[in-house]
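S.K.: To be precise about what I am sending: the file is called query-v9.txt and holds compact mmCIF, C-alpha atoms.
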# COMPACT_ATOMS: atom_id res chain seq x y z
CA MET A 1 5.89 -11.15 -4.33
CA VAL A 2 2.19 -11.29 -3.52
CA VAL A 3 0.82 -14.14 -1.40
CA VAL A 4 -2.85 -14.87 -2.04
CA ASP A 5 -4.91 -15.93 0.95
CA THR A 6 -7.50 -18.71 0.95
CA SER A 7 -10.26 -16.11 1.34
CA VAL A 8 -9.51 -14.83 -2.17
CA LEU A 9 -8.88 -18.28 -3.65
CA VAL A 10 -12.28 -19.55 -2.50
CA ASP A 11 -14.05 -16.58 -4.08
CA TRP A 12 -12.03 -17.01 -7.28
CA ASP A 13 -12.79 -20.75 -7.43
CA ARG A 14 -16.51 -20.09 -6.93
CA GLY A 15 -16.56 -17.51 -9.71
CA ARG A 16 -17.25 -14.57 -7.41
CA SER A 17 -16.29 -11.14 -8.63
CA ASN A 18 -15.00 -8.66 -6.06
CA ALA A 19 -12.14 -6.18 -5.77
CA GLU A 20 -9.65 -8.87 -4.72
CA THR A 21 -10.54 -11.49 -7.35
CA ASN A 22 -10.52 -8.76 -9.99
CA TRP A 23 -7.08 -7.62 -8.81
CA LEU A 24 -5.82 -11.19 -9.00
CA ARG A 25 -7.24 -11.68 -12.49
CA ASN A 26 -5.69 -8.41 -13.68
CA HIS A 27 -2.26 -9.06 -12.15
CA LEU A 28 -1.66 -12.74 -12.87
CA GLN A 29 0.83 -11.92 -15.60
CA ALA A 30 2.31 -8.75 -14.11
CA GLU A 31 3.04 -9.89 -10.56
CA GLU A 32 4.77 -12.87 -9.02
CA ILE A 33 1.86 -14.60 -7.27
CA ALA A 34 2.31 -17.28 -4.61
CA ILE A 35 0.53 -19.35 -2.02
CA THR A 36 1.98 -21.11 1.01
CA ASP A 37 1.76 -24.79 1.78
CA LEU A 38 -0.71 -23.98 4.58
CA ILE A 39 -2.91 -21.97 2.22
CA LEU A 40 -2.82 -24.92 -0.21
CA CYS A 41 -3.99 -27.24 2.57
CA GLU A 42 -6.68 -24.82 3.71
CA ALA A 43 -8.02 -24.36 0.17
CA LEU A 44 -8.05 -28.08 -0.62
CA ARG A 45 -9.71 -29.08 2.65
CA GLY A 46 -12.79 -27.13 1.57
CA CYS A 47 -13.38 -29.23 -1.53
CA ARG A 48 -16.53 -31.33 -1.60
CA ASP A 49 -14.97 -34.28 -3.42
CA GLU A 50 -11.80 -35.53 -5.08
CA ALA A 51 -12.80 -34.21 -8.52
CA GLN A 52 -13.11 -30.69 -7.17
CA ALA A 53 -9.83 -31.08 -5.26
CA ARG A 54 -8.00 -32.21 -8.43
CA ARG A 55 -9.44 -29.28 -10.42
CA LEU A 56 -8.53 -26.78 -7.72
CA GLU A 57 -5.06 -28.22 -7.25
CA GLY A 58 -4.47 -27.96 -11.00
CA TRP A 59 -5.45 -24.31 -10.93
CA LEU A 60 -3.37 -23.60 -7.81
CA ALA A 61 -0.33 -25.07 -9.60
CA LEU A 62 -0.23 -21.79 -11.56
CA PHE A 63 1.07 -20.09 -8.42
CA ARG A 64 4.47 -20.40 -6.87
CA LEU A 65 4.27 -22.66 -3.79
CA LEU A 66 6.18 -21.34 -0.78
CA HIS A 67 7.04 -23.46 2.24
CA GLY A 68 6.02 -21.30 5.15
CA ALA A 69 6.24 -23.52 8.20
CA SER A 70 9.33 -23.56 10.42
CA PRO A 71 9.94 -23.58 14.17
CA GLU A 72 11.10 -19.94 13.99
CA LEU A 73 7.93 -18.93 12.17
CA ALA A 74 5.74 -20.88 14.61
CA ARG A 75 7.31 -19.06 17.56
CA ASP A 76 6.95 -15.68 15.87
CA ALA A 77 3.31 -16.31 14.91
CA ALA A 78 2.49 -17.39 18.46
CA ALA A 79 4.20 -14.30 19.90
CA LYS A 80 2.25 -12.05 17.54
CA TYR A 81 -0.96 -13.84 18.50
CA ARG A 82 -0.22 -13.24 22.20
CA THR A 83 0.55 -9.57 21.54
CA LEU A 84 -2.77 -9.12 19.76
CA ARG A 85 -4.63 -11.10 22.41
CA GLN A 86 -3.17 -8.85 25.13
CA ALA A 87 -4.50 -5.89 23.14
CA GLY A 88 -7.97 -7.47 23.19
CA ILE A 89 -7.84 -8.77 19.61
CA THR A 90 -8.54 -12.44 18.96
CA VAL A 91 -7.32 -13.87 15.67
CA VAL A 92 -9.60 -16.77 14.80
CA SER A 93 -7.35 -18.79 12.48
CA ILE A 94 -3.88 -20.03 13.35
CA VAL A 95 -3.26 -20.40 9.61
CA ASP A 96 -3.85 -16.65 9.31
CA CYS A 97 -1.34 -16.02 12.13
CA LEU A 98 1.25 -18.16 10.38
CA THR A 99 0.54 -16.60 6.98
CA ALA A 100 0.84 -13.07 8.37
CA ALA A 101 4.06 -13.91 10.22
CA PHE A 102 5.46 -15.54 7.07
CA CYS A 103 4.66 -12.51 4.89
CA LEU A 104 6.15 -10.15 7.49
CA HIS A 105 9.29 -12.26 7.83
CA GLU A 106 9.82 -12.68 4.08
CA GLY A 107 8.73 -9.17 3.03
CA HIS A 108 5.81 -10.38 0.89
CA SER A 109 2.54 -8.53 0.33
CA LEU A 110 -0.76 -10.25 1.04
CA LEU A 111 -4.00 -10.22 -0.95
CA HIS A 112 -6.89 -11.23 1.30
CA ARG A 113 -10.58 -10.85 2.20
CA ASP A 114 -10.25 -11.81 5.87
CA HIS A 115 -10.56 -9.46 8.84
CA ASP A 116 -8.05 -11.54 10.83
CA TYR A 117 -5.27 -9.82 8.90
CA ASP A 118 -6.36 -6.27 9.69
CA ALA A 119 -4.68 -6.32 13.11
CA PHE A 120 -1.44 -7.62 11.59
CA GLU A 121 -1.48 -4.75 9.12
CA LYS A 122 -2.17 -2.11 11.79
CA ARG A 123 -0.01 -3.47 14.60
CA PHE A 124 2.93 -5.06 12.76
CA GLY A 125 2.96 -3.36 9.35
CA LEU A 126 1.86 -6.32 7.24
CA ALA A 127 1.94 -5.21 3.60
CA VAL A 128 -1.56 -5.72 2.22
CA ILE A 129 -2.81 -5.25 -1.31
CA HIS A 130 -5.79 -2.91 -1.25
CA PRO A 131 -7.32 -3.15 -4.73
CA GLY A 132 -8.16 0.24 -6.14
CA GLU A 133 -5.46 1.99 -4.12
CA ALA A 134 -2.07 2.93 -5.53
CA ARG A 135 0.67 0.52 -4.52
CA ALA A 136 3.83 1.94 -2.98
Show me the file's structure as structure tokens.

M.R.:
Amino acid sequence: MVVVDTSVLVDWDRGRSNAETNWLRNHLQAEEIAITDLILCEALRGCRDEAQARRLEGWLALFRLLHGASPELARDAAAKYRTLRQAGITVVSIVDCLTAAFCLHEGHSLLHRDHDYDAFEKRFGLAVIHPGEARA
């Protein structure tokens, strides 16, 4: 399963074309695509008004909604954050920490446009979709 990060959803919603939004467009039917409850919240909080929120929520309903928050996940995300911090890497968003930990725990791949995830990929083996590269 592929979890789509807010960074891609925002670009998609704004009609931006890039490698990640193109990948998403081309794989909507071929892949099982999901978002987490935290990604849903993060995407909806950026809406300017209720009309935009309703439109976005209708579009996001196309994706499978995964419930990613649990005490176990919170502890794991915090531990990974501390590990990265000790290595001199600061992850800006706690939602990104939780999303990365969730994907690692559940074995999901992640489609993103956010540098916060790079350290999770390098240090912990987070499976990331790199559009244009062959998928293993």

S.K.: Tell me, as a compact mmCIF listing (two decimals) with C-alpha atoms, in the coordinates of the input, which residues lie within 12 Å of A:Ser93, counting only C-alpha atoms; anything in the same chain fewer than 3 positions away does not count.

M.R.:
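Wrote around13.txt, looks like this:
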# COMPACT_ATOMS: atom_id res chain seq x y z
CA THR A 6 -7.50 -18.71 0.95
CA SER A 7 -10.26 -16.11 1.34
CA LEU A 38 -0.71 -23.98 4.58
CA ILE A 39 -2.91 -21.97 2.22
CA GLU A 42 -6.68 -24.82 3.71
CA ALA A 77 3.31 -16.31 14.91
CA ALA A 78 2.49 -17.39 18.46
CA TYR A 81 -0.96 -13.84 18.50
CA THR A 90 -8.54 -12.44 18.96
CA ASP A 96 -3.85 -16.65 9.31
CA CYS A 97 -1.34 -16.02 12.13
CA LEU A 98 1.25 -18.16 10.38
CA THR A 99 0.54 -16.60 6.98
CA ALA A 100 0.84 -13.07 8.37
CA ASP A 114 -10.25 -11.81 5.87
CA HIS A 115 -10.56 -9.46 8.84
CA ASP A 116 -8.05 -11.54 10.83
CA TYR A 117 -5.27 -9.82 8.90

S.K.: Quick one: residues within 10 Å of A:Leu84, only C-alpha atoms, excluding same-chain residues fewer than 5 positions away - as a ChimeraX atom specification?

M.R.: /A:78-79,89-91,119-120,123-124

S.K.: What gap, in Å, lies between atom CA of A:Leu65 and atom CA of A:Glu121?

M.R.: 22.8 Å

S.K.: Would you pick out the contacts of A:Glu20 at 8 Å or less, using all atoms listed in the file, so that residues sharing its chain but fewer than 6 positions from it are not included, and give the list as a VMD selection string?

M.R.: chain A and resid 8 111 to 113 130 to 131

S.K.: I need the chosen residues saved as a PDB file, keeping the file's coordinate frame, with C-alpha atoms.

M.R.:
ATOM      1  CA  VAL A   8      -9.510 -14.830  -2.170  1.00  0.00           C
ATOM      2  CA  LEU A 111      -4.000 -10.220  -0.950  1.00  0.00           C
ATOM      3  CA  HIS A 112      -6.890 -11.230   1.300  1.00  0.00           C
ATOM      4  CA  ARG A 113     -10.580 -10.850   2.200  1.00  0.00           C
ATOM      5  CA  HIS A 130      -5.790  -2.910  -1.250  1.00  0.00           C
ATOM      6  CA  PRO A 131      -7.320  -3.150  -4.730  1.00  0.00           C
TER       7      PRO A 131
END

S.K.: Between A:Leu9, A:Gly88, A:Val128, A:Leu24, which residue has the minimum interatomic distance to A:Gly107, considering only C-alpha atoms?

M.R.: A:Val128
